[in-house]
Amino acid sequence: MAVSAAEFRTARTSSTAGAGEMSGRVRSPALRIEGLGKQFDTPQGPLIAIEDVTFDIKEGEFVSVIGPSGCGKSTLLKILGGLTGDYKGRAFVGSDLVSGPHPAIGMVFQEESTFPWRTVVDNVAFPLEIQGMRRTERQAKARHFIELVGLKGFEQRYPAELSGGMRQRVAIARTLAFEPKILLMDEPFGALDEQTRLLLGDKVLQIHQNLRQTSLLITHSITEAVQLSDRIIVMTYRPGRIKRMVEIDLPRPRTSQVVSSDAFGHHVAEIWSDLREEASRGMRDAERLG
Ligand SMILES: Nc1ncnc2c1ncn2[C@@H]1O[C@H](COP(=O)(O)OP(=O)(O)OP(=O)(O)O)[C@@H](O)[C@H]1O
Ligand SMILES: [Mg+2]
């Protein structure tokens, strides 16, 4: 999805407002959804994408949502991001009821979202430019985040000169550059091979370690979810409901080396047994319809 200037303008204006509200005396969760449901009207009739989903995420917590294709994960994220309306239930960012893009939230989308006509540094500096930050200041900040995602040396390249994984890192750096308190990421590494994912996962772990952002990650990869998360929400096939919440008690700081531990293998097996059932339902459904 291309991220328009207008979207950035609304998603970002004063991150400090959101931050202040969230660190107020009454500490509410950083994110909360209550009884969330979303139905789409399609030519084949109404389609219930998600139903009765309730959970909250504490400040600084890293939570992943995993579930079969079509179970409503992106829909859930777009509701929290204030990009989709007309749903049942309530969504909160801190104590604010979601009614549009919240300034405390930064999003990384499932689809490719770099601007092909801008260099890496100008891509990353874009939201800061929209904010009105001076050129030297925004370029310096952009360079810092480019280095953080491991792209130092590529500042003057164009997206077409980079690999898919590098472009996704540009998109992540661009979201990080405006320093959102909350990060919503929709399969940011979806198109990448397993090794690159694990290594990028290390970057995400490092960034989370440094910045302590509240993070909600949508992924299809069980290993990625276990590697990164404090908690994993397993969703059912359509309509998407919460099937299980799994606490990942692996010690932090973590690196991708954690994948060889017994505890890691145990969590992966546990989640796969839940997910297999749901993915099989999804596959049977697709065969029936197709
Ligand atoms: N704008 C829309 N209009 C009609 N149906 C929609 C719309 N957006 C999503 N859907 C349907 O809602 C369901 C959930 O979609 P969603 O994109 O949230 O799934 P997902 O879990 O993110 O899937 P994937 O893992 O493939 O990305 C799907 O069946 C999809 O076809
Ligand atoms: Mg999706």
# chains A, B, ... in the order shown; residues from 1 in each chain; ligands from 1
>>> residues_near_ligand(ligand="ligand 2", cutoff="7 Å", atoms="only C-alpha atoms and all ligand atoms", output="list in words")
Ser69, Gly70, Gly72, Lys73, Ser74, Gln110 and Asp186 of chain A
>>> write_last_selection(atoms="C-alpha atoms", output="JSON list (two decimals), in the first residue's frame")
[["chain", "number", "residue", "atom", "x", "y", "z"],
["A", 69, "SER", "CA", -4.79, -16.13, 5.75],
["A", 70, "GLY", "CA", -8.08, -14.25, 5.68],
["A", 72, "GLY", "CA", -8.91, -10.70, 9.79],
["A", 73, "LYS", "CA", -5.41, -9.80, 11.00],
["A", 74, "SER", "CA", -4.93, -6.81, 8.70],
["A", 110, "GLN", "CA", 1.96, -5.55, 4.53],
["A", 186, "ASP", "CA", 1.55, -5.97, 9.29]]
>>> residues_near_ligand(ligand="ligand 1", cutoff="8 Å", atoms="only C-alpha atoms and all ligand atoms", output="PyMOL selection string")
chain A and resi 39-42+47-50+67-76+110+186-187+219-220+238+240
>>> residues_around(residues="A:Gln227", least_positions_apart="4", cutoff="9 Å", atoms="only C-alpha atoms", output="ChimeraX atom specification")
/A:198,201-202,205,222-223,248,250,254-256,258-259,264
>>> write_last_selection(atoms="N, CA and C atoms", output="PDB file, in the first residue's frame")
ATOM      1  N   LEU A 198      15.071 -14.053  10.038  1.00  0.00           N
ATOM      2  CA  LEU A 198      15.686 -14.227  11.357  1.00  0.00           C
ATOM      3  C   LEU A 198      16.651 -13.080  11.649  1.00  0.00           C
ATOM      4  N   GLY A 201      14.799 -10.020  12.215  1.00  0.00           N
ATOM      5  CA  GLY A 201      14.216 -10.188  13.547  1.00  0.00           C
ATOM      6  C   GLY A 201      15.192  -9.697  14.605  1.00  0.00           C
ATOM      7  N   ASP A 202      16.478 -10.003  14.416  1.00  0.00           N
ATOM      8  CA  ASP A 202      17.503  -9.524  15.358  1.00  0.00           C
ATOM      9  C   ASP A 202      17.504  -8.005  15.436  1.00  0.00           C
ATOM     10  N   LEU A 205      14.546  -6.916  17.398  1.00  0.00           N
ATOM     11  CA  LEU A 205      14.782  -7.142  18.829  1.00  0.00           C
ATOM     12  C   LEU A 205      15.664  -6.046  19.421  1.00  0.00           C
ATOM     13  N   ILE A 222       5.677 -18.706  12.565  1.00  0.00           N
ATOM     14  CA  ILE A 222       5.654 -19.068  13.994  1.00  0.00           C
ATOM     15  C   ILE A 222       7.011 -18.759  14.626  1.00  0.00           C
ATOM     16  N   THR A 223       8.095 -19.077  13.902  1.00  0.00           N
ATOM     17  CA  THR A 223       9.424 -18.825  14.486  1.00  0.00           C
ATOM     18  C   THR A 223       9.626 -17.322  14.739  1.00  0.00           C
ATOM     19  N   ILE A 248       5.303 -15.936  26.042  1.00  0.00           N
ATOM     20  CA  ILE A 248       6.625 -16.429  25.646  1.00  0.00           C
ATOM     21  C   ILE A 248       7.625 -15.962  26.708  1.00  0.00           C
ATOM     22  N   LEU A 250      10.727 -16.672  27.174  1.00  0.00           N
ATOM     23  CA  LEU A 250      12.154 -16.765  26.870  1.00  0.00           C
ATOM     24  C   LEU A 250      12.846 -15.496  27.373  1.00  0.00           C
ATOM     25  N   ARG A 254      17.189 -11.057  23.642  1.00  0.00           N
ATOM     26  CA  ARG A 254      17.243 -12.257  22.804  1.00  0.00           C
ATOM     27  C   ARG A 254      17.956 -11.956  21.497  1.00  0.00           C
ATOM     28  N   THR A 255      18.449 -13.015  20.870  1.00  0.00           N
ATOM     29  CA  THR A 255      18.917 -12.899  19.485  1.00  0.00           C
ATOM     30  C   THR A 255      18.326 -14.097  18.752  1.00  0.00           C
ATOM     31  N   SER A 256      18.612 -14.191  17.459  1.00  0.00           N
ATOM     32  CA  SER A 256      18.056 -15.311  16.695  1.00  0.00           C
ATOM     33  C   SER A 256      18.634 -16.641  17.161  1.00  0.00           C
ATOM     34  N   VAL A 258      18.290 -17.898  19.876  1.00  0.00           N
ATOM     35  CA  VAL A 258      17.291 -18.518  20.751  1.00  0.00           C
ATOM     36  C   VAL A 258      16.537 -19.653  20.024  1.00  0.00           C
ATOM     37  N   VAL A 259      16.541 -19.632  18.692  1.00  0.00           N
ATOM     38  CA  VAL A 259      15.774 -20.650  17.951  1.00  0.00           C
ATOM     39  C   VAL A 259      16.291 -22.075  18.183  1.00  0.00           C
ATOM     40  N   PHE A 264      12.297 -22.851  22.964  1.00  0.00           N
ATOM     41  CA  PHE A 264      11.815 -22.263  21.710  1.00  0.00           C
ATOM     42  C   PHE A 264      11.039 -23.318  20.914  1.00  0.00           C
TER      43      PHE A 264
END
>>> select_by_dssp(residues="stretch 97-165 of chain A", states="helix (DSSP H, G or I)", output="PyMOL selection string")
chain A and resi 120-131+135-148+159-161+164-165
>>> closest_residue(among="A:Arg241, A:Lys38, A:Lys181, A:Arg212", to="A:Glu278", atoms="only C-alpha atoms")
A:Arg241
>>> residues_around(residues="A:Thr54", least_positions_apart="4", cutoff="6 Å", atoms="only C-alpha atoms", output="number ranges by chain")
A: 33-35
>>> closest_atom_pairs(of="stretch 162-221 of chain A", to="stretch 139-155 of chain A", cutoff="9 Å", atoms="only C-alpha atoms", output="Markdown table")
| residue | atom | partner | partner_atom | distance |
| --- | --- | --- | --- | --- |
| A:Leu162 | CA | A:Phe154 | CA | 8.6 |
| A:Met166 | CA | A:Leu151 | CA | 7.5 |
| A:Arg169 | CA | A:Val149 | CA | 6.1 |
| A:Val170 | CA | A:Ile146 | CA | 7.1 |
| A:Ile172 | CA | A:Val149 | CA | 7.8 |
| A:Ala173 | CA | A:Phe145 | CA | 5.4 |
| A:Arg174 | CA | A:Ala142 | CA | 7.5 |
| A:Leu176 | CA | A:Phe145 | CA | 7.0 |
| A:Ala177 | CA | A:Phe145 | CA | 6.2 |
| A:Leu200 | CA | A:Val149 | CA | 8.2 |
| A:Lys203 | CA | A:Val149 | CA | 6.3 |
| A:Val204 | CA | A:Val149 | CA | 8.1 |
| A:Gln206 | CA | A:Leu148 | CA | 8.7 |
| A:Ile207 | CA | A:Leu148 | CA | 7.4 |
>>> select_by_dssp(residues="stretch 140-194 of chain A", states="strand (DSSP E or B)", output="MDAnalysis selection string")
chainID A and resid 182:186
>>> write_last_selection(atoms="C-alpha atoms", output="PDB file, in the first residue's frame")
ATOM      1  CA  ILE A 182       3.305   2.367  19.425  1.00  0.00           C
ATOM      2  CA  LEU A 183       4.308   0.337  16.387  1.00  0.00           C
ATOM      3  CA  LEU A 184       1.766  -1.636  14.386  1.00  0.00           C
ATOM      4  CA  MET A 185       3.438  -3.909  11.828  1.00  0.00           C
ATOM      5  CA  ASP A 186       1.555  -5.968   9.285  1.00  0.00           C
TER       6      ASP A 186
END
>>> residues_around(residues="A:Leu192", least_positions_apart="4", cutoff="10 Å", atoms="only C-alpha atoms", output="PDB file with N, CA and C atoms, in the first residue's frame")
ATOM      1  N   SER A 163      17.204  -4.699  -2.457  1.00  0.00           N
ATOM      2  CA  SER A 163      16.443  -5.955  -2.417  1.00  0.00           C
ATOM      3  C   SER A 163      15.121  -5.702  -1.690  1.00  0.00           C
ATOM      4  N   GLY A 164      14.196  -6.668  -1.787  1.00  0.00           N
ATOM      5  CA  GLY A 164      12.897  -6.525  -1.119  1.00  0.00           C
ATOM      6  C   GLY A 164      13.062  -6.327   0.387  1.00  0.00           C
ATOM      7  N   GLY A 165      13.986  -7.086   0.981  1.00  0.00           N
ATOM      8  CA  GLY A 165      14.221  -6.991   2.431  1.00  0.00           C
ATOM      9  C   GLY A 165      14.753  -5.622   2.812  1.00  0.00           C
ATOM     10  N   GLN A 168      11.966  -3.113   2.730  1.00  0.00           N
ATOM     11  CA  GLN A 168      11.121  -3.190   3.921  1.00  0.00           C
ATOM     12  C   GLN A 168      11.807  -2.508   5.097  1.00  0.00           C
ATOM     13  N   PRO A 188       5.680  -7.310   8.078  1.00  0.00           N
ATOM     14  CA  PRO A 188       6.696  -6.495   7.404  1.00  0.00           C
ATOM     15  C   PRO A 188       7.727  -7.340   6.667  1.00  0.00           C
ATOM     16  N   THR A 196      16.763 -14.378   6.091  1.00  0.00           N
ATOM     17  CA  THR A 196      16.708 -12.910   6.148  1.00  0.00           C
ATOM     18  C   THR A 196      15.751 -12.474   7.255  1.00  0.00           C
ATOM     19  N   ARG A 197      14.640 -13.199   7.376  1.00  0.00           N
ATOM     20  CA  ARG A 197      13.672 -12.895   8.439  1.00  0.00           C
ATOM     21  C   ARG A 197      14.306 -12.979   9.812  1.00  0.00           C
ATOM     22  N   LEU A 198      15.071 -14.053  10.038  1.00  0.00           N
ATOM     23  CA  LEU A 198      15.686 -14.227  11.357  1.00  0.00           C
ATOM     24  C   LEU A 198      16.651 -13.080  11.649  1.00  0.00           C
ATOM     25  N   LEU A 200      16.644 -10.048  10.244  1.00  0.00           N
ATOM     26  CA  LEU A 200      15.890  -8.801  10.443  1.00  0.00           C
ATOM     27  C   LEU A 200      15.207  -8.814  11.812  1.00  0.00           C
TER      28      LEU A 200
END
